Amino acid sequence: MCAVVGVHGTPDAAIWVRRALSALQHRGQESAGIAVADGSDIRVFKQVGLVSQALPESEILKLNGSIAIGHVRYSTAGKNRIEEAQPLLTECYHGMIAVVHNGNLIDQRGLKREVLMMNGTFQTTSDTEIALQMYAQTNKKTLDERLKRIGERMKAAFAMLFLTENQLAILQDPYGFRPLMIGQIGSATVIASESCAFTQLEQMSGQEADCIRDVLPGEIITVGQDGIKATSWMDIPRQRQRCIFEHVYFSRPDSITFGHRVQKVRRKLGQLLADVSKINADIVVPIPNSGIHAGIGYAEASGIPIEWALVRNQYIGRTFIDPLQSHRDNGVVEKLLPIVHLIEDKRVVLVDDSIVRGTTTRKIVRMVREVGKAREVHVAISCPLTISSCFYGIDTPRREELIASRMNVEEIRAQIGADSLTYNTLENLFAAVSPFAQEYCTSCYTNAHPLLDKFNLHTDNGYPERRHDGIQPHPTQG
Ligand code: AMP
């Protein structure tokens with residue numbers, strides 16, 4: 001869970017990247033960093049923390065150069081080390097090279113072994129360093145050829161940007177798990193994880209932003225003085241695997257992700273959910289922020305009035321970065337409070353995007369019942385049951401910690417203390433992203449992992465290594 005940005009063709013490229021990263025802050029709050037190239041050198045500035053603190057404008061203004069890449073990184077409890085922050089930079093036989101990565105390499109163990117056997121060394125625990133090492137170890141002549149070589153070896157899942165002294169390059173995995181878009185703003189070419197970054201830069205520069213297209217699976221794009229050059233490095237076309245969770249939760253609602261307006265998909269999910277749930281209730285209450293657009297759709301389709309009856313404290317950030325479980329557990333109580341007179345004695349349908357471990361929902365249900373004095377509390381979830389961890393870049397807990405991997409719907413309902421519990425169906429999820437339904441990865445809802453099967457990556461406990469293995473999403477994130 002990270003965001004990447006690249007800018008080419010404006011004298012203050014680092015400032016552009018900083019502004020774009022600020023729009024993409026929701027994709028990672030642990031650290032932020034920028035690498036900028038001025039034709040002969042690359043400099044990196046990165047720090048732990050949010051963009052506003054980690055990348056002070058006064059420092060970023062000093063980074064001269066017309067090409068830059070940037071990154072915000074998702075938090076983990078134990079590894080909040082500056083060494084892990086991106087961009088990663090190294091100097092090798094081919095020159096200087098910096099990289100930023102969104103995704104998760106599915107075969108980290110095997111790839112690391114390959115690099116070590118070639119006398120490579122690692123300075124971080126980040127899987128992204130594998131890409132740098134492989135780049136340094138390849139003897140291919142051109143940038144394109146080197147990226148093709150490492151792309152073939154890394155398999156999935158990666159949306160990566162590379163920076164040399166005078167070029168920006170994009171490497172997308174053959175399945176297209178993570179979103180990446182190309183835009184043009186004035187004379188600058190911009191690459192970003194989400195289109196909301198383009199809107200932000202449009203506002204900053206006063207120049208119109210043109211979203212050109214998505215980066216295609218298996219594409220290498222180089223941007224340099226000679227313009228933009230795109231090639232496909234895939235030998236055979238593969239079945240696309242766009243991440244459905246980008247629509248359910250991860251992307252910003254004002255972004256266009258994988259060709260769909262995220263807000264529209266969420267609203268549609270809410271509308272379809274209302275048909276599944278058919279609960280008699282007095283009010284629909286979306287859980288902010290993650291349930292907002294599904295809640296609007298639910299209210300529209302059911303005809304039940306919506307009430308914004310849960311107030312989120314906007315001054316508390318995403319408390320899941322807090323390493324202490326006890327703080328995280330209390331977080332939800334501090335972050336959300338009910339407007340009692342809207343809820344009192346009402347039959348309430350709470351709408352949210354997901355139940356992961358079940359701790360958040362249980363606390364919210366209890367709060368709405370006890371503090372809000374609701375008569376009935378029903379819960380409607382806009383996605384299907386989350387039964388598998390993700391190995392392709394979304395941080396979900398281990399499978400055994402996912403409540404839906406241990407319990408059926410009725411057991412979960414009892415556990416969270418709701419009067420009823422409804423999940424959306426997989427068919428509805430597909431309907432909301434139609435006509436591209438078959439091009440999505442839905443493994444978190446099906447536990448089908450064709451890529452892990454194909455590359456035989458199941459280990460003793462059934463799972464490959466993940467970058468943030470075992471780190472749970474925080475209950476109060478939303
Ligand atoms: P839980 O208490 O684990 O059931 O948390 C569910 C809440 O976490 C929902 O409100 C979701 O919006 C949010 N959520 C879902 N997936 C993630 C994730 N991968 N990382 C962080 N938060 C998430």
# chains A, B, ... in the order shown; residues from 1 in each chain; ligands from 1
>>> residues_around(residues="A:Pro87", least_positions_apart="6", cutoff="8 Å", atoms="only C-alpha atoms", output="list in words")
Gly33, Ile34, Ala35, Val44, Lys46, Ile69, Gly70, His71, Ala98, Val99 and Val100 of chain A
>>> residues_around(residues="A:Ile244", least_positions_apart="6", cutoff="7 Å", atoms="only C-alpha atoms", output="list in words")
Tyr440, Cys441 and Thr442 of chain A
>>> write_last_selection(atoms="C-alpha atoms", output="PDB file, in the first residue's frame")
ATOM      1  CA  TYR A 440     -10.022  -8.036 -11.693  1.00  0.00           C
ATOM      2  CA  CYS A 441      -8.201  -9.847  -8.923  1.00  0.00           C
ATOM      3  CA  THR A 442     -10.738 -10.787  -6.247  1.00  0.00           C
TER       4      THR A 442
END
>>> select_by_dssp(residues="stretch 35-170 of chain A", states="alpha helix (DSSP H)", output="NGL selection string")
:A and (51-54 or 57-60 or 108-117 or 128-137 or 143-154)
>>> residues_around(residues="stretch 381-394 of chain A", least_positions_apart="2", cutoff="8 Å", atoms="only C-alpha atoms", output="compact mmCIF listing (two decimals) with N, CA and C atoms, in the first residue's frame")
# COMPACT_ATOMS: atom_id res chain seq x y z
N MET A 1 0.86 -1.18 0.00
CA MET A 1 0.00 0.00 0.00
C MET A 1 0.89 1.22 0.00
N ASN A 102 5.08 0.45 -6.01
CA ASN A 102 3.80 0.13 -5.39
C ASN A 102 3.48 -1.31 -5.77
N GLY A 103 3.26 -2.14 -4.76
CA GLY A 103 3.00 -3.55 -5.03
C GLY A 103 3.75 -4.40 -4.03
N ASN A 104 3.83 -5.65 -4.31
CA ASN A 104 4.50 -6.58 -3.41
C ASN A 104 5.01 -7.74 -4.26
N LEU A 105 6.30 -7.99 -4.21
CA LEU A 105 6.84 -9.07 -5.05
C LEU A 105 6.45 -10.41 -4.44
N ILE A 106 5.81 -11.24 -5.25
CA ILE A 106 5.23 -12.48 -4.69
C ILE A 106 6.30 -13.52 -4.37
N ALA A 156 5.50 -10.53 -10.37
CA ALA A 156 4.41 -9.63 -9.95
C ALA A 156 4.64 -9.38 -8.46
N ALA A 157 3.98 -8.45 -7.84
CA ALA A 157 3.15 -7.40 -8.37
C ALA A 157 3.94 -6.09 -8.24
N PHE A 177 -1.73 -5.29 -11.61
CA PHE A 177 -2.39 -5.29 -10.29
C PHE A 177 -2.66 -3.88 -9.77
N ARG A 178 -1.62 -3.03 -9.81
CA ARG A 178 -1.73 -1.72 -9.18
C ARG A 178 -1.91 -0.64 -10.24
N VAL A 248 -13.10 -0.73 -3.76
CA VAL A 248 -13.86 -0.93 -2.53
C VAL A 248 -13.41 0.06 -1.45
N ARG A 266 -18.39 2.85 -5.88
CA ARG A 266 -18.81 2.68 -4.47
C ARG A 266 -20.31 2.92 -4.31
N LEU A 269 -22.10 -0.03 -5.61
CA LEU A 269 -22.00 -1.14 -4.65
C LEU A 269 -23.05 -0.97 -3.55
N GLY A 270 -23.22 0.26 -3.10
CA GLY A 270 -24.21 0.54 -2.06
C GLY A 270 -25.62 0.28 -2.57
N LEU A 273 -26.10 -3.40 -2.77
CA LEU A 273 -26.14 -3.94 -1.42
C LEU A 273 -27.54 -3.80 -0.80
N ALA A 294 -20.83 4.26 -0.49
CA ALA A 294 -21.71 3.08 -0.49
C ALA A 294 -22.98 3.41 0.30
N VAL A 351 -23.46 1.46 7.25
CA VAL A 351 -22.85 0.96 6.01
C VAL A 351 -21.35 1.22 6.05
N ASP A 352 -20.58 0.17 5.78
CA ASP A 352 -19.11 0.32 5.70
C ASP A 352 -18.61 -0.51 4.53
N ASP A 353 -17.31 -0.36 4.22
CA ASP A 353 -16.78 -1.08 3.05
C ASP A 353 -16.37 -2.51 3.38
N SER A 354 -15.73 -2.71 4.54
CA SER A 354 -15.19 -4.05 4.83
C SER A 354 -15.25 -4.36 6.31
N ILE A 355 -15.28 -5.64 6.61
CA ILE A 355 -14.94 -6.09 7.96
C ILE A 355 -13.68 -6.92 7.80
N VAL A 356 -12.64 -6.56 8.52
CA VAL A 356 -11.37 -7.27 8.36
C VAL A 356 -11.20 -8.22 9.55
N VAL A 379 -26.02 -3.99 10.13
CA VAL A 379 -24.76 -3.66 9.46
C VAL A 379 -24.81 -4.18 8.04
N THR A 396 -3.27 -6.71 4.41
CA THR A 396 -4.33 -7.32 5.23
C THR A 396 -3.63 -8.26 6.21
N PRO A 397 -4.28 -8.57 7.33
CA PRO A 397 -3.63 -9.46 8.28
C PRO A 397 -3.52 -10.89 7.76
N ARG A 398 -2.84 -11.71 8.51
CA ARG A 398 -2.77 -13.13 8.16
C ARG A 398 -4.17 -13.71 8.11
N ARG A 399 -4.30 -14.78 7.34
CA ARG A 399 -5.63 -15.32 7.10
C ARG A 399 -6.36 -15.67 8.40
N LEU A 402 -8.35 -12.96 9.99
CA LEU A 402 -9.53 -12.42 9.30
C LEU A 402 -10.76 -13.10 9.86
N ILE A 403 -11.67 -12.32 10.37
CA ILE A 403 -12.83 -12.91 11.06
C ILE A 403 -13.62 -13.83 10.11
N ALA A 404 -13.70 -13.45 8.83
CA ALA A 404 -14.52 -14.23 7.89
C ALA A 404 -13.84 -15.52 7.45
N SER A 405 -12.56 -15.68 7.81
CA SER A 405 -11.93 -16.96 7.48
C SER A 405 -12.24 -17.99 8.57
N LEU A 421 -26.69 -8.69 9.71
CA LEU A 421 -25.44 -8.40 8.99
C LEU A 421 -25.61 -8.85 7.55
N THR A 422 -25.33 -7.96 6.63
CA THR A 422 -25.41 -8.31 5.20
C THR A 422 -24.10 -7.96 4.52
N TYR A 423 -23.63 -8.87 3.71
CA TYR A 423 -22.46 -8.60 2.85
C TYR A 423 -22.95 -8.50 1.41
N ASN A 424 -22.19 -7.78 0.60
CA ASN A 424 -22.48 -7.78 -0.83
C ASN A 424 -22.05 -9.11 -1.44
N THR A 425 -22.53 -9.38 -2.66
CA THR A 425 -22.15 -10.62 -3.33
C THR A 425 -21.01 -10.34 -4.31
N LEU A 426 -20.31 -11.38 -4.69
CA LEU A 426 -19.24 -11.24 -5.67
C LEU A 426 -19.82 -10.79 -7.01
N LEU A 429 -20.21 -7.17 -7.01
CA LEU A 429 -18.90 -6.51 -7.14
C LEU A 429 -18.52 -6.46 -8.62
N SER A 443 -9.02 -12.12 -5.17
CA SER A 443 -8.56 -13.24 -4.34
C SER A 443 -8.85 -13.03 -2.86
N CYS A 444 -8.95 -11.77 -2.40
CA CYS A 444 -9.26 -11.56 -0.98
C CYS A 444 -10.66 -12.06 -0.65
N TYR A 445 -11.52 -12.17 -1.65
CA TYR A 445 -12.89 -12.65 -1.41
C TYR A 445 -13.11 -14.11 -1.84
N THR A 446 -12.18 -14.65 -2.63
CA THR A 446 -12.37 -16.02 -3.12
C THR A 446 -11.32 -16.99 -2.57
N ASN A 447 -10.21 -16.44 -2.11
CA ASN A 447 -9.05 -17.24 -1.70
C ASN A 447 -8.47 -18.05 -2.86
N PRO A 464 3.17 -17.17 0.72
CA PRO A 464 4.50 -16.62 0.46
C PRO A 464 4.78 -15.46 1.40
N GLU A 465 6.00 -14.97 1.36
CA GLU A 465 6.37 -13.85 2.21
C GLU A 465 5.71 -12.58 1.68
N ARG A 466 5.31 -11.72 2.60
CA ARG A 466 4.78 -10.43 2.17
C ARG A 466 5.62 -9.35 2.81
>>> closest_residue(among="A:Ile306, A:Ile130, A:Ile287, A:Ile191", to="ligand 1", atoms="only C-alpha atoms and all ligand atoms")
A:Ile287
>>> closest_residue(among="A:Thr125, A:Ser195, A:Lys373, A:Arg73", to="A:Ala20", atoms="only C-alpha atoms")
A:Ser195
>>> select_by_dssp(residues="stretch 364-426 of chain A", states="strand (DSSP E)", output="VMD selection string")
chain A and resid 376 to 381 420 to 423
>>> write_last_selection(atoms="C-alpha atoms", output="PDB file, in the first residue's frame")
ATOM      1  CA  GLU A 376     -31.866  -1.711  16.300  1.00  0.00           C
ATOM      2  CA  VAL A 377     -28.409  -1.747  14.713  1.00  0.00           C
ATOM      3  CA  HIS A 378     -28.048  -3.450  11.326  1.00  0.00           C
ATOM      4  CA  VAL A 379     -24.761  -3.661   9.461  1.00  0.00           C
ATOM      5  CA  ALA A 380     -24.354  -3.721   5.668  1.00  0.00           C
ATOM      6  CA  ILE A 381     -20.936  -4.224   4.087  1.00  0.00           C
ATOM      7  CA  SER A 420     -28.471  -8.251  11.246  1.00  0.00           C
ATOM      8  CA  LEU A 421     -25.436  -8.398   8.990  1.00  0.00           C
ATOM      9  CA  THR A 422     -25.412  -8.307   5.204  1.00  0.00           C
ATOM     10  CA  TYR A 423     -22.465  -8.599   2.855  1.00  0.00           C
TER      11      TYR A 423
END
>>> atom_distance(atom1="atom 6 (C, counted along the ligand's line) of ligand 1", atom2="atom CA of A:Thr360")
5.4 Å
>>> residues_around(residues="stretch 139-154 of chain A", least_positions_apart="4", cutoff="7 Å", atoms="only C-alpha atoms", output="ChimeraX atom specification")
/A:105,131,134-135,171,173,220,233
>>> closest_residue(among="A:Gln314, A:Phe455, A:Pro179, A:Val17", to="A:Phe245", atoms="only C-alpha atoms")
A:Pro179
>>> atom_distance(atom1="atom CA of A:Ser205", atom2="atom CA of A:Ala23")
14.4 Å
>>> atom_distance(atom1="atom CA of A:Ile339", atom2="atom CA of A:Leu310")
6.1 Å
